[in-house]
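Asks: First, the structure itself, so that you have it in front of you.
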Amino acid sequence: MKRREFLQSSALSVIMGGVVAAEAAVPVTLPDYNMPEEFLPREVRLRNDLEPFEIHVDPGQYALYWTLPDKKAIRYAVGIGRTQLYEHGEFFVGAKKEWPSWTPTPEMIERDPQSYARFADGMPGGINNPLGSRGLYLFTPSRGDTFLRIHGTNDPETIGRRVSNGCARLINDQMIDLYDRVPLKTRVVLYPIGRG
């Protein structure tokens with residue numbers, strides 16, 4: 001299925017698990033990111049019998065899977081957190097935001113003040129915002145918001161690489177598609193880097 005066909009067919013279904021996709025707060029026209037075929041979303045068969053309607057991120061494959069019934073899933077290509085910043089574990093989607101604002105964490109500012117200190121008061125949502133078109137905020141019962149995100153990006157060069165401060169990122173149009181499928185409280189599993 002071609003990217004446009006995939007996105008058009010998924011756009012027809014804006015209600016999934018009781019969540020209705022709202023209009024974007026920042027109306028923009030997304031560019032055509034011209035992604036290679038291997039980076040386009042596609043339906044795949046799973047070897048493992050995973051519960052449907054969960055997110056599973058395999059950092060070794062730079063892949064995010066939205067699981068479906070009957071051992072199927074939609075596979076999205078992602079960029080992930082750099083090795084020392086990536087955090088594996090089990091989470092849930094505690095918040096969803098369209099065109100989210102972004103504020104670097106104190107740890108990010110401390111690690112790289114030249115890049116992040118100027119954004120200490122935050123950056124409004126928009127096409128050039130590091131969180132892109134949509135954000136899924138990852139929580140745990142014990143910590144609440146972990147400051148880990150699954151989010152959009154307008155930089156195709158970051159897909160299939162370890163580039164971010166611990167998050168998983170999808171190209172903006174693919175992130176919109178995923179966001180529309182994922183209800184609050186969805187289980188998210190981030191697998192360890194280098195698992196066998």
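In the structure tokens, the first chain shown is A, the next is B, and so on; residue numbers restart at 1 for each chain, and ligands run from 1 in the order shown.
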List the neighbours of range 119-136 of chain A out to 7 Å using only C-alpha atoms; skip same-chain residues closer than 5 positions along the sequence, and give me the result as a VMD selection string.

Replies: chain A and resid 26 93 95 to 104 149 to 154 172 175 to 176 179

Asks: For Phe53 in chain A, list every protein, DNA or RNA residue within 9 Å, evaluated using only C-alpha atoms, and leave out those in the same chain fewer than 2 positions away; present the list as a tab-separated table (two decimals) with N, CA, C and O atoms, in the first residue's frame.

Replies:
```tsv
chain	number	residue	atom	x	y	z
A	17	GLY	N	-11.17	3.12	19.78
A	17	GLY	CA	-11.16	2.86	21.21
A	17	GLY	C	-11.77	4.00	22.01
A	17	GLY	O	-11.36	4.25	23.12
A	51	GLU	N	-0.83	-8.74	22.78
A	51	GLU	CA	-2.18	-8.20	22.94
A	51	GLU	C	-2.43	-7.14	21.86
A	51	GLU	O	-1.53	-6.35	21.56
A	55	ILE	N	1.43	-0.47	21.98
A	55	ILE	CA	2.61	0.02	21.27
A	55	ILE	C	3.81	-0.76	21.78
A	55	ILE	O	4.03	-0.86	22.99
A	66	TRP	N	2.18	-0.93	16.25
A	66	TRP	CA	0.84	-0.77	16.81
A	66	TRP	C	0.16	-2.11	16.57
A	66	TRP	O	-0.13	-2.48	15.42
A	67	THR	N	-0.04	-2.88	17.64
A	67	THR	CA	-0.51	-4.25	17.48
A	67	THR	C	-2.00	-4.29	17.15
A	67	THR	O	-2.78	-3.47	17.60
A	68	LEU	N	-2.35	-5.30	16.37
A	68	LEU	CA	-3.72	-5.54	15.91
A	68	LEU	C	-4.11	-6.97	16.29
A	68	LEU	O	-3.25	-7.77	16.67
A	69	PRO	N	-5.39	-7.32	16.17
A	69	PRO	CA	-5.79	-8.72	16.42
A	69	PRO	C	-5.12	-9.67	15.42
A	69	PRO	O	-4.60	-9.24	14.38
A	73	ALA	N	0.22	-6.29	13.02
A	73	ALA	CA	0.57	-4.98	13.56
A	73	ALA	C	0.83	-4.03	12.41
A	73	ALA	O	1.10	-4.46	11.28
A	181	ARG	N	-4.98	6.56	16.28
A	181	ARG	CA	-5.31	5.17	16.61
A	181	ARG	C	-5.22	4.88	18.11
A	181	ARG	O	-5.83	3.93	18.59
A	182	VAL	N	-4.43	5.66	18.84
A	182	VAL	CA	-4.01	5.30	20.19
A	182	VAL	C	-4.85	6.00	21.26
A	182	VAL	O	-4.80	7.21	21.39
A	183	PRO	N	-5.60	5.26	22.06
A	183	PRO	CA	-6.35	5.87	23.16
A	183	PRO	C	-5.47	6.10	24.39
A	183	PRO	O	-4.41	5.49	24.54
A	186	THR	N	-3.19	3.45	26.86
A	186	THR	CA	-2.61	2.38	26.06
A	186	THR	C	-1.28	1.92	26.67
A	186	THR	O	-0.45	2.75	27.07
A	187	ARG	N	-1.09	0.62	26.73
A	187	ARG	CA	0.18	0.06	27.21
A	187	ARG	C	1.26	0.29	26.15
A	187	ARG	O	1.03	0.09	24.95
```

Asks: Of the residues A:Phe147, A:Tyr86, A:Phe92, A:Phe139, which is the one nearest to Glu54 in chain A, using only C-alpha atoms?

Replies: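 For Glu54 in chain A, the nearest of the candidates is A:Phe92.
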
Asks: Give me the residues within 10 Å of Leu190 in chain A as a list in words, counting only C-alpha atoms and dropping any in the same chain fewer than 6 places off.

Replies: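 Close residues of Leu190 in chain A: Ile55, His56, Val57, Asp58, Pro59, Leu64, Tyr86, Glu87, His88, Gly89, Glu90, Phe91, Cys167 and Ala168 of chain A.
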
Asks: Please identify all polymer residues within 9 Å of Asp155 in chain A, counting only C-alpha atoms, omitting same-chain residues fewer than 4 positions from it, and present them as a PyMOL selection string.

Replies: chain A and resi 33+159+171-172
